[in-house]
Every structure is written in C-alpha cells, then in structure tokens.
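First up is the structure itself, then whatever we jot down about it.
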Amino acid sequence: MMNGKVYLVGAGPGDTDLITVRGLNLLRTADAVVYDALIDKSILSECGSAEMIDAGKRGGDHTMSQSEINSTLVELAKKGKTVVRLKGGDPFLFGRGAEEAAELRKAGIEVHVVPGVSSSISVPELAGIPLTHRNHAPMVTIVTGHEKSDRDSDRIDWRKLASMEGTIVILMGMSNSEYISKELIEGGMDPETPAAVNIRDQGRQRTETASLGSLYSMISEKKLKAPGVIVIGDVVKERGTLGDLY
C-alpha cells in the first residue's frame, strides 16, 4: 500500500469563513482530520465522512501529547489516507507545525502546508488595532507568553524587548501577564503605554483596553480567560477612532 499525504492546514482565527479556500476544499475531501482545540468546531461539519480525531491542547489540558499526535499522523498516512492536520491560526506560528512536518518527513510521508490567517494579526485588526501604523509603529514583534511552561528557563528577555520600537503582540500570555508587565516596566517601558486584550473564540470577540501598568489587574477584574491576544503599544490608541471592524 502506498503512503497517503498529510496537509498541515491553518484554520484561521476562529471564524469558519476565514479559512482559506484550499484549506476548506481539503477538509471536504480528507479521509481523516486531526484537529486542535482552538478552531471553530462548526467547521468540522465540512469534513464529510472523514475520521475525526481530537488532538486539542488548551491551558495545559492535553487530549494527546505532541509525540502521540506525531505518531497518529504517521500511522494514518501509512494506511494510505489523505490526512488534514487542522490547526488554529497558522500552522508554523507557535503551532508546532514545523515539528510535525519534520517527523512526517523523517517517516517518509509526503507533507504539505496550507497557511492560515494568524490570530496575532487578524484578531487585533478586527478590534480596530493595526499592528503597524506610520504614526505609531514601524515594526511589530510577535512573542509567546508561556515559554517557561515547557522549559527550565525563559529565553525571552522582556526587559530588552521593552526598549524596542513598535508594537508587541503576545500570544498565550494571559496567565503570565503579571510577570510580563512587570518585566517590561522594569526594562524601562512607560507604565502608561496603551495595552489591549483581544479574546476571540468560536467566532465571538471581546476587546478590553488598559495601560501596561494596569493590564494584569484589568485581566483579573474582568475575568478574561484564554485564548487571548495581548497588544502593547501606541497602535492601541487607534481603536478609539476605528472601533470594532468585525
């Protein structure tokens, strides 16, 4: 039996109509779909008779370990199946898509990537927050907020990051927002720097703003929960002019 193929497909930021045309077509023709927690589950209705496998990981609660996911993808492909690995946002942006592609390559499996609309860009802009702006930010830095959860030490130098120009976008940083805010301020960032938290999950969006110095207390008081995108920088001011754009 010939091996099948695996497609690493980005589902986008949570709305079913924000997946790419190619991604949707692959879902409709796949033999098996291995999906993540942060997708809009309604999109699974497009999968027809495909075998459905929940590989969701959210807030430390893992349905499958990463090694189990890798093994599952290899096993399905070796059965001759066309497999869609459906991942939230974009497969290669903090999505471990590159790790999965490497394992599939090592096993001799044909693998393709279908890029997705990343929540790091789309969620803020839907809330009227452009990540770059000629009056505010010539650059944007996208960073993970929970690296320490799976490493002995944090490789991110938040204090050094505080001195850089432009916008900081933090993914998966909700539970670590107190530490992040403190380190940025210790690095010299003005506590009055505008900040926003954008929650978009299963097609619903909520946005709250604060100063960097009050970011953690705002998240706690308003009981904001992951998944959320944190934006720090003067671009947050544009929300007052643009408002919601979703």
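Within each chain, counting starts at residue 1; across the structure tokens, chains are named A, B, ... in the order shown, with ligands numbered 1 upward in that order.
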Residues near Pro91 in chain A, cut-off 12 Å, only C-alpha atoms, skip fewer than 4 positions along chain, as a PyMOL selection string
chain A and resi 7-13+23+35-36+84-87+95-101+112-119
Trp158 in chain A: which residues within 10 Å, counting only C-alpha atoms, same-chain residues fewer than 6 positions away excluded, as a list in words?
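Listing them by chain and then by number gives Val143, Tyr179, Ile180, Ser181, Lys182, Glu183, Leu184, Ile185, Glu186 and Gly187 of chain A.
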Report as a ChimeraX atom specification all protein, DNA and RNA residues lying within 8 Å of Leu104 in chain A, evaluated on only C-alpha atoms, omitting residues in the same chain fewer than 4 positions from it.
/A:70,73-74,100,108-111
Output the selection as a CSV table (one decimal), in the first residue's frame - N, CA, C and O atoms for each residue.
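Result went into again.csv, see below:
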```csv
chain,number,residue,atom,x,y,z
A,70,ASN,N,2.2,13.2,16.6
A,70,ASN,CA,3.1,12.9,15.5
A,70,ASN,C,2.9,11.5,15.1
A,70,ASN,O,2.8,11.2,13.9
A,73,LEU,N,-0.4,11.0,13.1
A,73,LEU,CA,-0.3,11.5,11.7
A,73,LEU,C,0.5,10.5,10.8
A,73,LEU,O,0.0,10.2,9.7
A,74,VAL,N,1.6,9.9,11.3
A,74,VAL,CA,2.4,9.0,10.6
A,74,VAL,C,1.6,7.7,10.3
A,74,VAL,O,1.5,7.2,9.2
A,100,GLU,N,5.9,18.8,13.4
A,100,GLU,CA,5.1,17.8,12.9
A,100,GLU,C,5.6,17.5,11.4
A,100,GLU,O,5.7,16.3,11.0
A,108,GLY,N,9.1,9.4,6.0
A,108,GLY,CA,8.9,9.2,4.5
A,108,GLY,C,7.6,9.6,4.0
A,108,GLY,O,7.1,9.1,3.0
A,109,ILE,N,6.8,10.4,4.8
A,109,ILE,CA,5.5,10.8,4.4
A,109,ILE,C,5.5,12.1,3.7
A,109,ILE,O,6.1,13.1,4.1
A,110,GLU,N,4.7,12.2,2.6
A,110,GLU,CA,4.6,13.4,1.8
A,110,GLU,C,3.7,14.4,2.7
A,110,GLU,O,2.6,14.1,3.2
A,111,VAL,N,4.2,15.6,2.8
A,111,VAL,CA,3.5,16.6,3.7
A,111,VAL,C,3.5,18.0,3.0
A,111,VAL,O,4.5,18.3,2.3
```
Using only C-alpha atoms, which residue out of A:Gly89, A:Pro130, A:Gly56, A:Gly48 lies closest to Thr241 in chain A?
A:Pro130
In Å, rounded to a single decimal, give me how far CA of Ala196 in chain A is from CA of Ile219 in chain A.
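We find that CA of Ile219 in chain A and CA of Ala196 in chain A lie 9.8 Å from each other.
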Can you pull out the residues contacting Pro191 in chain A? Cut-off 8 Å, using only C-alpha atoms, and skip same-chain residues under 4 positions away; I want them as a PDB file with C-alpha atoms, in the first residue's frame.
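Everything below was put into part_3.pdb:
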```
ATOM      1  CA  ILE A 185       8.207  48.136  33.067  1.00  0.00           C
ATOM      2  CA  SER A 211      -2.421  50.756  30.457  1.00  0.00           C
ATOM      3  CA  LEU A 212       0.549  48.409  30.676  1.00  0.00           C
ATOM      4  CA  GLY A 213       0.720  49.081  34.420  1.00  0.00           C
ATOM      5  CA  SER A 214      -2.892  48.045  34.951  1.00  0.00           C
TER       6      SER A 214
END
```
Restricting the calculation to only C-alpha atoms, which member of A:Val229, A:Met189, A:Leu76, A:Ala107 is positioned closest to Ala162 in chain A?
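Using only C-alpha atoms, the shortest distance to Ala162 in chain A belongs to A:Met189.
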Report the residues of range 5-223 of chain A whose backbone DSSP state falls under alpha helix (DSSP H), written as a count of residues only.
61
Report, in Å with one decimal, the straight-line distance from CA of Asn25 in chain A to CA of Lys79 in chain A.
21.5 Å
What parts of chain A does DSSP call strand (DSSP E)? I'd like the answer as number ranges by chain.
A: 5-10, 32-35, 51-54, 57-58, 61-62, 82-87, 110-114, 140-144, 167-171, 194-201, 204-211, 228-232
Ranking A:Ile53, A:Glu103, A:Thr82, A:Arg155 by minimum distance to Met2 in chain A and counting only C-alpha atoms, which one comes first?
A:Thr82
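When CA of Leu26 in chain A is paired with CA of Lys106 in chain A, their separation reads 23.3 Å.
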Neighbours of Ala50 in chain A within 8 Å (only C-alpha atoms; same-chain residues fewer than 3 positions away dropped), as a list in words?
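Close residues of Ala50 in chain A: Thr29, Ala30, Asp31, Ala32, Val33 and Cys47 of chain A.
Near Gly4 in chain A, within a cut-off of 6 Å and counting only C-alpha atoms, sit the residues Ala77, Gly80, Lys81 and Thr82 of chain A, with same-chain residues fewer than 5 positions away left out.
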Keeping only N, CA and C atoms, take the residues you just selected and write them out as a JSON list (two decimals), in the first residue's frame.
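Saved result, result_8.json, follows:
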```
[["chain", "number", "residue", "atom", "x", "y", "z"],
["A", 77, "ALA", "N", -1.24, 8.20, 7.68],
["A", 77, "ALA", "CA", -0.70, 8.31, 6.33],
["A", 77, "ALA", "C", -0.19, 6.96, 5.81],
["A", 80, "GLY", "N", -2.48, 4.86, 3.93],
["A", 80, "GLY", "CA", -2.88, 5.34, 2.62],
["A", 80, "GLY", "C", -3.89, 6.47, 2.66],
["A", 81, "LYS", "N", -4.12, 7.05, 3.83],
["A", 81, "LYS", "CA", -5.15, 8.08, 3.97],
["A", 81, "LYS", "C", -4.62, 9.47, 3.60],
["A", 82, "THR", "N", -5.53, 10.30, 3.11],
["A", 82, "THR", "CA", -5.27, 11.73, 2.97],
["A", 82, "THR", "C", -5.68, 12.39, 4.27]]
```
